[in-house]
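Next up, run31.cif (mmCIF, C-alpha atoms):
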data_input
loop_
_atom_site.label_atom_id
_atom_site.label_comp_id
_atom_site.auth_asym_id
_atom_site.auth_seq_id
_atom_site.Cartn_x
_atom_site.Cartn_y
_atom_site.Cartn_z
CA MET A 1128 12.52 -2.83 -1.54
CA ASN A 1129 11.25 0.37 -3.14
CA LEU A 1130 8.09 1.82 -1.57
CA GLU A 1131 5.77 4.50 -2.93
CA ILE A 1132 2.75 5.83 -1.04
CA LEU A 1133 0.36 7.89 -3.17
CA THR A 1134 -2.88 9.77 -2.54
CA PRO A 1135 -5.08 11.40 -5.20
CA GLU A 1136 -3.49 14.75 -4.29
CA ARG A 1137 0.23 13.95 -3.88
CA LYS A 1138 3.06 11.51 -3.28
CA ILE A 1139 3.42 10.90 0.48
CA PHE A 1140 6.59 8.78 0.41
CA SER A 1141 9.04 7.33 -2.08
CA GLY A 1142 12.25 5.48 -1.28
CA ASP A 1143 14.03 2.27 -0.37
CA VAL A 1144 12.84 0.57 2.82
CA TYR A 1145 13.30 -2.63 4.81
CA GLY A 1146 9.54 -3.27 4.86
CA VAL A 1147 6.07 -1.90 5.56
CA GLN A 1148 3.28 -2.91 7.98
CA LEU A 1149 -0.25 -2.33 6.70
CA PRO A 1150 -3.86 -2.53 7.93
CA GLY A 1151 -5.52 -5.15 5.73
CA ILE A 1152 -9.28 -5.70 5.52
CA SER A 1153 -9.00 -8.89 7.64
CA GLY A 1154 -6.12 -7.76 9.86
CA SER A 1155 -2.64 -6.30 9.76
CA PHE A 1156 0.13 -7.74 7.60
CA GLU A 1157 3.75 -6.99 6.72
CA VAL A 1158 5.59 -6.83 3.40
CA LEU A 1159 9.37 -7.22 3.50
CA ASP A 1160 12.17 -7.12 0.93
CA LYS A 1161 11.77 -9.60 -1.97
CA HIS A 1162 8.10 -10.36 -1.11
CA ALA A 1163 6.08 -12.44 -3.56
CA PRO A 1164 3.75 -10.54 -5.94
CA LEU A 1165 0.62 -9.35 -4.13
CA VAL A 1166 -2.45 -7.15 -4.56
CA SER A 1167 -4.54 -6.43 -1.47
CA ALA A 1168 -7.21 -4.03 -0.23
CA LEU A 1169 -6.37 -1.93 2.82
CA GLY A 1170 -8.64 -0.75 5.62
CA LYS A 1171 -8.45 2.30 7.85
CA GLY A 1172 -5.62 2.18 10.34
CA GLN A 1173 -1.91 2.67 10.82
CA LEU A 1174 0.75 2.12 8.18
CA LYS A 1175 4.29 1.71 9.49
CA ILE A 1176 7.27 2.24 7.19
CA LEU A 1177 10.29 0.22 8.34
CA ARG A 1178 13.20 2.26 6.96
CA ASP A 1179 15.62 -0.27 8.49
CA LYS A 1180 15.49 -2.68 11.45
CA ASN A 1181 15.66 0.20 13.98
CA THR A 1182 14.02 3.21 12.27
CA SER A 1183 10.36 3.62 11.32
CA SER A 1184 7.69 6.19 10.38
CA LEU A 1185 3.99 5.94 11.20
CA TYR A 1186 1.00 7.16 9.17
CA THR A 1187 -2.77 6.97 9.63
CA ILE A 1188 -4.44 5.95 6.37
CA GLN A 1189 -8.06 5.99 5.18
CA GLY A 1190 -8.01 2.74 3.21
CA GLY A 1191 -6.87 1.85 -0.28
CA PHE A 1192 -4.80 -0.80 -2.05
CA ILE A 1193 -1.26 -2.18 -2.23
CA GLU A 1194 0.49 -3.81 -5.16
CA VAL A 1195 3.81 -5.63 -4.73
CA LEU A 1196 5.70 -6.58 -7.90
CA ASN A 1197 9.42 -6.96 -8.72
CA ASN A 1198 10.54 -5.80 -5.25
CA LYS A 1199 8.48 -2.58 -5.52
CA ALA A 1200 5.47 -1.86 -3.31
CA THR A 1201 2.97 0.77 -4.45
CA VAL A 1202 0.38 1.87 -1.88
CA LEU A 1203 -2.61 3.86 -3.15
CA VAL A 1204 -4.66 5.43 -0.34
CA GLU A 1205 -7.58 7.84 -0.11
CA GLY A 1206 -5.80 9.90 2.53
CA ALA A 1207 -2.77 9.71 4.83
CA LYS A 1208 -1.41 11.73 7.73
CA GLU A 1209 1.98 11.28 9.40
CA ILE A 1210 1.95 10.58 13.15
CA GLU A 1211 4.82 12.29 14.93
#

Output the file's structure as structure tokens, nothing else.
Amino acid sequence: MNLEILTPERKIFSGDVYGVQLPGISGSFEVLDKHAPLVSALGKGQLKILRDKNTSSLYTIQGGFIEVLNNKATVLVEGAKEIE
């Protein structure tokens, strides 16, 4: 699945991933490869990029939206900071 994470200022991430875990308004959820089409609002919290089954990256986000369509996930957030 192709994932893009965008803020109003810049592109945070772009690339192929295994999946992504997101903070939804009503709780966390996960989007994996070949997920059904989806549009959802996101709350403040942690976004985890699953690069493969053993490697991941973690970001704190300030809320936004995700759109999943044709095996591409686009995440639009107000702000994001990588957690090391």

*For Ser1153 of chain A, please output as a ChimeraX atom specification all residues within 9 Å (counting only C-alpha atoms; exclusion window: fewer than 3 positions along the same chain).*
/A:1150,1169-1170

*Quick one: pull the distance between atom CA of Asn1198 of chain A and atom CA of Glu1211 of chain A, Å, one decimal.*
27.7 Å

_Residue by residue, what does the PyMOL selection byres ((chain A and resi 1184-1191) around 8) grab here? Present the result as a count of residues only._
25

*Can you give me, as a PyMOL selection string, the residues this file yields under the PyMOL selection byres ((chain A and resi 1143) around 12)?*
chain A and resi 1128-1132+1140-1142+1144-1147+1159-1160+1176-1179+1198-1201

*Report the distance between atom CA of Val1166 of chain A and atom CA of Gly1151 of chain A in Å, rounded to one decimal place.*
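Atom CA of Val1166 of chain A sits 10.9 Å away from atom CA of Gly1151 of chain A.
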
All file atoms of segment 1170-1175 of chain A boxed axis-aligned, 8 Å per side, centre plus edges, as AutoDock Vina command-line options:
--center_x -2.2 --center_y 1.0 --center_z 8.2 --size_x 28.9 --size_y 19.4 --size_z 21.2

*For Pro1164 of chain A, please output as a PyMOL selection string all residues within 9 Å (counting only C-alpha atoms; exclusion window: fewer than 4 positions along the same chain).*
chain A and resi 1194-1198

_So the first atom is atom CA of Glu1157 of chain A and the second is atom CA of Thr1134 of chain A; what is the distance between them in Å, to one decimal place?_
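Result for atom CA of Glu1157 of chain A versus atom CA of Thr1134 of chain A: 20.3 Å, one decimal.
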